[in-house]
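Only one structure is covered here, and it is reproduced in the block below.
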Amino acid sequence: TPGHEAFTAMRARGARVTDIAVLVVAADDGVMPQTVEAINHARAAKVPIIVALNKMDKPNALPDRVKKQLSEHGLTPEEWGGDTIVVPVSAKEGTGIDDLLEMILLVAEMSDLKANPNRRARGTVIETRLDKGLGPVASVLVQTGTLRIGDPFVVGSCSGRVRAMVGDKGQRLREAGPSTPVEVVGLDDLPEAGDLLEVLADEKMAREIAAHRDERRREQELGARATVTLSDLLDQVRQGKRKQLNLVLKADVQGSLEAVKQSLQKLEEPEVGIEVIHAGVGGVTETDVMLASASEAMIIAFNVTPDAGARQAAERENVEIRTYRVIYDAINDIKAAVKGLRAPQFKETVLGHAEVRELFRIPKVGIVAGCHVTDGKITRKSQVRVVRDGKIVYEGKIASLKHFKEDQREISAGFDCGIGLEDFQDVKVGDVIEAFIVEEVPA
């Protein structure tokens, strides 16, 4: 929860701050894409997972089907010989809730979850908001220690003193111990969700630390943020800083996805593992990019391309998206990283897109696509790929680029043009022609 795909970052934060993840799966709907994503977040955070099989009161509930789906994603129920606790419940009828609570307590006891309430409090910001009367307000989960009214604190690049605390039922609190969610009033600014709140000895120290962090943050924003690229991962492996490569895989069809996933997982070495954080069919979306950013992963896209939102998110989050049409190219790149051998590093830059609006059959030439350049530019020397319904159907070179009947070196956004493609006649109205260049990155 929340289940909508737009809330990837929120689910990622939730997984990082929890000790036990309760995965709620509807017995009628079964495992959905966001369910798989939530499983991956919990695994990345290394927290135990309890499955609550909800809506068992519905006549179309199919618990065995859901358990089979869960098993396919590595959550094999205990009754099927696995180690995942699955509890049938009905939130509507209230049945099974006591059993679920009992299982949570059992897992907590087995995990030896303890916190010291007799120390200065530490917690994580879950959400923030700006209240007209109260100013900046942060929803905080206290993880250790006890947070009290009057405590000075630092949180991210903000500081403050606890002026008021409100519990999850709207009650005013004087103090909050471990595992208590509270709304904290008394901040000098809005922190970021995910920031750590720490109580300090005095308010002056809190202000100094916050000022230092703010200055450092500004310096980092001015400088270039490090990108999660294959080159970076390879360097970290060679320097012994990283023991695992995290990947998000996207492909055009399930068969391709399984083939790529299995091939990459076979490349694991004793010293370096490969963890596929998420694998799915379809184009690369903003959700995929946010998941990759949260997991420090790079994205491997096989026969699919990122949409506009994903490209913007990748640039903002500095996540590398590598597109491939040949499975061996993807395998060789990752194999080089795993074995610590530096392969030539290449960077792809998308120049622009053109939408195919008409088709012309020219004698002795063949099919020429009448296009409108929607963004960027199309150049005569650029490489191109034809994207149809989010899938790559051709990748190659431009044979001809014309404006009316004149040959052109490039066509900018807003203009029409005719594009002929080398050895490809199957272009269709509605296709998108994406122009790009590939440059070798200096070592």
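In the structure tokens, chains take letters A, B, ... by order of appearance, with residues numbered from 1 within each chain and ligands from 1 in the order shown.
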Counting only C-alpha atoms, what is within 12 Å of A:Val429, bar same-chain residues fewer than 2 positions away, as JSON, numbers by chain? {"A": [354, 355, 356, 357, 358, 359, 360, 367, 368, 369, 370, 371, 372, 386, 387, 388, 389, 426, 427, 431, 432, 433]}
Could you write out, as a PyMOL selection string, all the residues of stretch 271-343 of chain A that DSSP marks as alpha helix (DSSP H)? chain A and resi 286-295+308-317+327-338
Residues as selected, C-alpha atoms, written as a short mmCIF file (atom, residue, chain, number, x, y, z; two decimals), in the first residue's frame, can you do that?
data_model
loop_
_atom_site.label_atom_id
_atom_site.label_comp_id
_atom_site.auth_asym_id
_atom_site.auth_seq_id
_atom_site.Cartn_x
_atom_site.Cartn_y
_atom_site.Cartn_z
CA GLU A 286 9.21 6.09 -14.91
CA THR A 287 8.31 3.47 -12.29
CA ASP A 288 11.18 1.28 -13.51
CA VAL A 289 13.59 4.20 -13.26
CA MET A 290 12.49 5.09 -9.71
CA LEU A 291 12.89 1.46 -8.66
CA ALA A 292 16.38 1.35 -10.23
CA SER A 293 17.32 4.58 -8.46
CA ALA A 294 16.09 3.31 -5.10
CA SER A 295 17.99 0.02 -5.58
CA ALA A 308 9.46 10.26 -22.42
CA GLY A 309 8.72 10.22 -18.67
CA ALA A 310 11.28 7.46 -18.13
CA ARG A 311 13.96 9.39 -20.03
CA GLN A 312 13.34 12.51 -17.95
CA ALA A 313 13.36 10.50 -14.72
CA ALA A 314 16.56 8.70 -15.76
CA GLU A 315 18.27 12.02 -16.41
CA ARG A 316 16.99 13.44 -13.12
CA GLU A 317 17.88 10.35 -11.07
CA ILE A 327 21.08 -10.85 -26.32
CA TYR A 328 24.80 -11.58 -26.66
CA ASP A 329 25.64 -7.85 -26.51
CA ALA A 330 23.88 -7.56 -23.16
CA ILE A 331 25.54 -10.72 -21.85
CA ASN A 332 29.02 -9.62 -22.95
CA ASP A 333 28.66 -6.19 -21.30
CA ILE A 334 27.57 -7.67 -17.97
CA LYS A 335 30.12 -10.49 -18.22
CA ALA A 336 32.87 -7.86 -18.55
CA ALA A 337 31.63 -6.16 -15.36
CA VAL A 338 31.37 -9.40 -13.41
#
Give me, as a PyMOL selection string, all polymer residues having an atom no more than 9 Å from A:Val142, counting only C-alpha atoms and skipping those fewer than 4 positions away in the same chain. chain A and resi 121-125+146-147+176-182+197
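All residues within stretch 155-212 of chain A that the backbone DSSP calculation assigns to strand (DSSP E or B) are Val155, Cys158, Ser159, Gly160, Arg161, Val162, Arg163, Ala164, Met165, Val166, Arg172, Leu173, Glu175, Ala176, Thr180, Pro181, Val182, Glu183, Val184, Val185, Gly186, Leu187, Leu196, Leu197, Glu198 and Val199 of chain A.
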So that I have them on file, write out the residues from the current selection with N, CA and C atoms, as a short mmCIF file (atom, residue, chain, number, x, y, z; two decimals), in the first residue's frame.
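As a result, out27.cif now contains:
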data_model
loop_
_atom_site.label_atom_id
_atom_site.label_comp_id
_atom_site.auth_asym_id
_atom_site.auth_seq_id
_atom_site.Cartn_x
_atom_site.Cartn_y
_atom_site.Cartn_z
N VAL A 155 17.41 16.90 11.03
CA VAL A 155 16.81 15.95 10.10
C VAL A 155 17.17 16.42 8.69
N CYS A 158 17.74 20.15 7.72
CA CYS A 158 16.85 20.99 8.54
C CYS A 158 17.12 20.70 10.02
N SER A 159 16.68 21.61 10.86
CA SER A 159 16.81 21.41 12.30
C SER A 159 15.55 21.94 12.98
N GLY A 160 15.48 21.79 14.31
CA GLY A 160 14.33 22.29 15.03
C GLY A 160 14.27 21.77 16.45
N ARG A 161 13.18 22.05 17.11
CA ARG A 161 12.90 21.56 18.46
C ARG A 161 11.46 21.08 18.47
N VAL A 162 11.20 19.91 19.05
CA VAL A 162 9.85 19.33 19.03
C VAL A 162 8.90 20.23 19.83
N ARG A 163 7.99 20.91 19.13
CA ARG A 163 7.00 21.77 19.80
C ARG A 163 5.71 21.01 20.08
N ALA A 164 5.38 20.07 19.20
CA ALA A 164 4.16 19.28 19.38
C ALA A 164 4.30 17.96 18.63
N MET A 165 3.61 16.93 19.13
CA MET A 165 3.57 15.63 18.45
C MET A 165 2.13 15.12 18.44
N VAL A 166 1.75 14.58 17.28
CA VAL A 166 0.40 14.04 17.12
C VAL A 166 0.52 12.57 16.71
N ARG A 172 -2.75 14.02 21.02
CA ARG A 172 -1.54 14.77 21.38
C ARG A 172 -0.65 13.89 22.24
N LEU A 173 0.65 13.87 21.95
CA LEU A 173 1.59 13.04 22.69
C LEU A 173 2.68 13.90 23.33
N GLU A 175 5.45 12.10 24.52
CA GLU A 175 6.63 11.33 24.14
C GLU A 175 6.22 10.17 23.23
N ALA A 176 7.20 9.69 22.44
CA ALA A 176 6.93 8.59 21.50
C ALA A 176 8.13 7.65 21.51
N THR A 180 6.84 3.95 17.01
CA THR A 180 5.69 4.84 17.10
C THR A 180 5.72 5.84 15.94
N PRO A 181 4.65 5.90 15.14
CA PRO A 181 4.57 6.93 14.09
C PRO A 181 3.96 8.22 14.66
N VAL A 182 4.61 9.34 14.41
CA VAL A 182 4.11 10.62 14.94
C VAL A 182 4.29 11.73 13.90
N GLU A 183 3.43 12.74 13.99
CA GLU A 183 3.64 13.96 13.23
C GLU A 183 4.37 14.94 14.14
N VAL A 184 5.51 15.46 13.65
CA VAL A 184 6.35 16.33 14.46
C VAL A 184 6.22 17.77 13.97
N VAL A 185 5.95 18.69 14.90
CA VAL A 185 5.87 20.12 14.61
C VAL A 185 7.05 20.80 15.28
N GLY A 186 7.67 21.76 14.59
CA GLY A 186 8.79 22.48 15.18
C GLY A 186 10.01 22.54 14.27
N LEU A 187 9.84 22.26 12.97
CA LEU A 187 10.95 22.28 12.03
C LEU A 187 11.16 23.68 11.45
N LEU A 196 16.81 11.04 7.91
CA LEU A 196 16.93 10.50 9.27
C LEU A 196 16.83 11.65 10.28
N LEU A 197 15.93 11.50 11.26
CA LEU A 197 15.81 12.47 12.35
C LEU A 197 16.63 11.98 13.54
N GLU A 198 17.50 12.85 14.08
CA GLU A 198 18.32 12.49 15.23
C GLU A 198 18.23 13.58 16.29
N VAL A 199 17.95 13.18 17.52
CA VAL A 199 17.91 14.12 18.65
C VAL A 199 19.35 14.37 19.11
#
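Neighbouring residues of stretch 45-50 of chain A at 7 Å or closer, counting only C-alpha atoms and skipping chain neighbours under 6 positions away, are Ala15, Arg16, Asp19, Ile20, Ala21, Val22, Leu23, Thr84, Ile85 and Val86 of chain A.
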Mind dumping the selected residues with C-alpha atoms as a PDB file, in the first residue's frame?
ATOM      1  CA  ALA A  15      10.421  -1.221   2.751  1.00  0.00           C
ATOM      2  CA  ARG A  16      13.631   0.451   3.952  1.00  0.00           C
ATOM      3  CA  ASP A  19      11.394  -4.593  10.188  1.00  0.00           C
ATOM      4  CA  ILE A  20       8.736  -6.952   8.800  1.00  0.00           C
ATOM      5  CA  ALA A  21       6.849  -6.522   5.519  1.00  0.00           C
ATOM      6  CA  VAL A  22       3.212  -7.627   5.385  1.00  0.00           C
ATOM      7  CA  LEU A  23       2.350  -8.117   1.717  1.00  0.00           C
ATOM      8  CA  THR A  84       6.830 -17.928   3.556  1.00  0.00           C
ATOM      9  CA  ILE A  85       4.008 -17.472   6.073  1.00  0.00           C
ATOM     10  CA  VAL A  86       0.676 -16.999   4.240  1.00  0.00           C
TER      11      VAL A  86
END
Which neighbours of A:Gly283 fall inside 9 Å, counting only C-alpha atoms, when residues of the same chain fewer than 3 positions from it are skipped, and could you give them as a list in words? Lys250, Ala251, Asp252, Gly280, Ala301, Asn303, Val304, Thr305, Pro306, Asp307, Gly390 and Lys391 of chain A
Between atom CA of A:Leu351 and atom CA of A:Phe424, distance in Å (one decimal): 20.8 Å
With distances taken over only C-alpha atoms, which residue among A:Arg325, A:His212, A:His41, A:Arg218 lies nearest A:Thr18?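 So, comparing all the options, the nearest one is A:His41.
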Closest of A:Arg65, A:Glu215, A:Arg120, A:Ile419 to A:Lys405 - atom-to-atom distances counting only C-alpha atoms: A:Ile419
Pick out the residues sitting within 8 Å of A:His403, and hand them over as a PyMOL selection string; count only C-alpha atoms, and ignore anything fewer than 2 positions along from it in its own chain. chain A and resi 401+405-408+411+416-418
Please produce an output containing C-alpha atoms for each residue in the selection, written as a CSV table (one decimal), in the first residue's frame.
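Output (again_27.csv):
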chain,number,residue,atom,x,y,z
A,401,LEU,CA,16.7,12.3,-45.6
A,405,LYS,CA,12.9,16.7,-52.9
A,406,GLU,CA,16.1,18.3,-51.5
A,407,ASP,CA,18.6,16.2,-49.6
A,408,GLN,CA,19.2,17.4,-46.1
A,411,ILE,CA,15.7,18.2,-40.0
A,416,ASP,CA,8.2,17.5,-42.1
A,417,CYS,CA,10.6,15.3,-44.0
A,418,GLY,CA,11.0,12.1,-46.0
Non-local contacts of A:Met298 (9 Å; only C-alpha atoms; under 2 positions in same chain excluded) as a compact mmCIF listing (two decimals) with C-alpha atoms, in the first residue's frame:
# COMPACT_ATOMS: atom_id res chain seq x y z
CA VAL A 228 24.72 4.41 -11.88
CA THR A 229 26.37 3.18 -15.09
CA LEU A 230 27.95 -0.10 -16.11
CA LEU A 245 25.36 -5.93 -9.56
CA ASN A 246 21.72 -4.82 -9.32
CA LEU A 247 19.72 -4.87 -12.55
CA VAL A 248 16.20 -3.98 -13.69
CA LEU A 249 15.24 -5.94 -16.83
CA VAL A 289 13.59 4.20 -13.26
CA ALA A 292 16.38 1.35 -10.23
CA SER A 293 17.32 4.58 -8.46
CA SER A 295 17.99 0.02 -5.58
CA GLU A 296 21.17 1.51 -7.10
CA ILE A 300 18.72 -3.40 -19.28
CA VAL A 319 20.12 6.05 -13.87
CA GLU A 320 21.64 4.47 -16.98
CA ILE A 321 19.30 2.72 -19.41
CA ARG A 322 21.03 0.32 -21.82
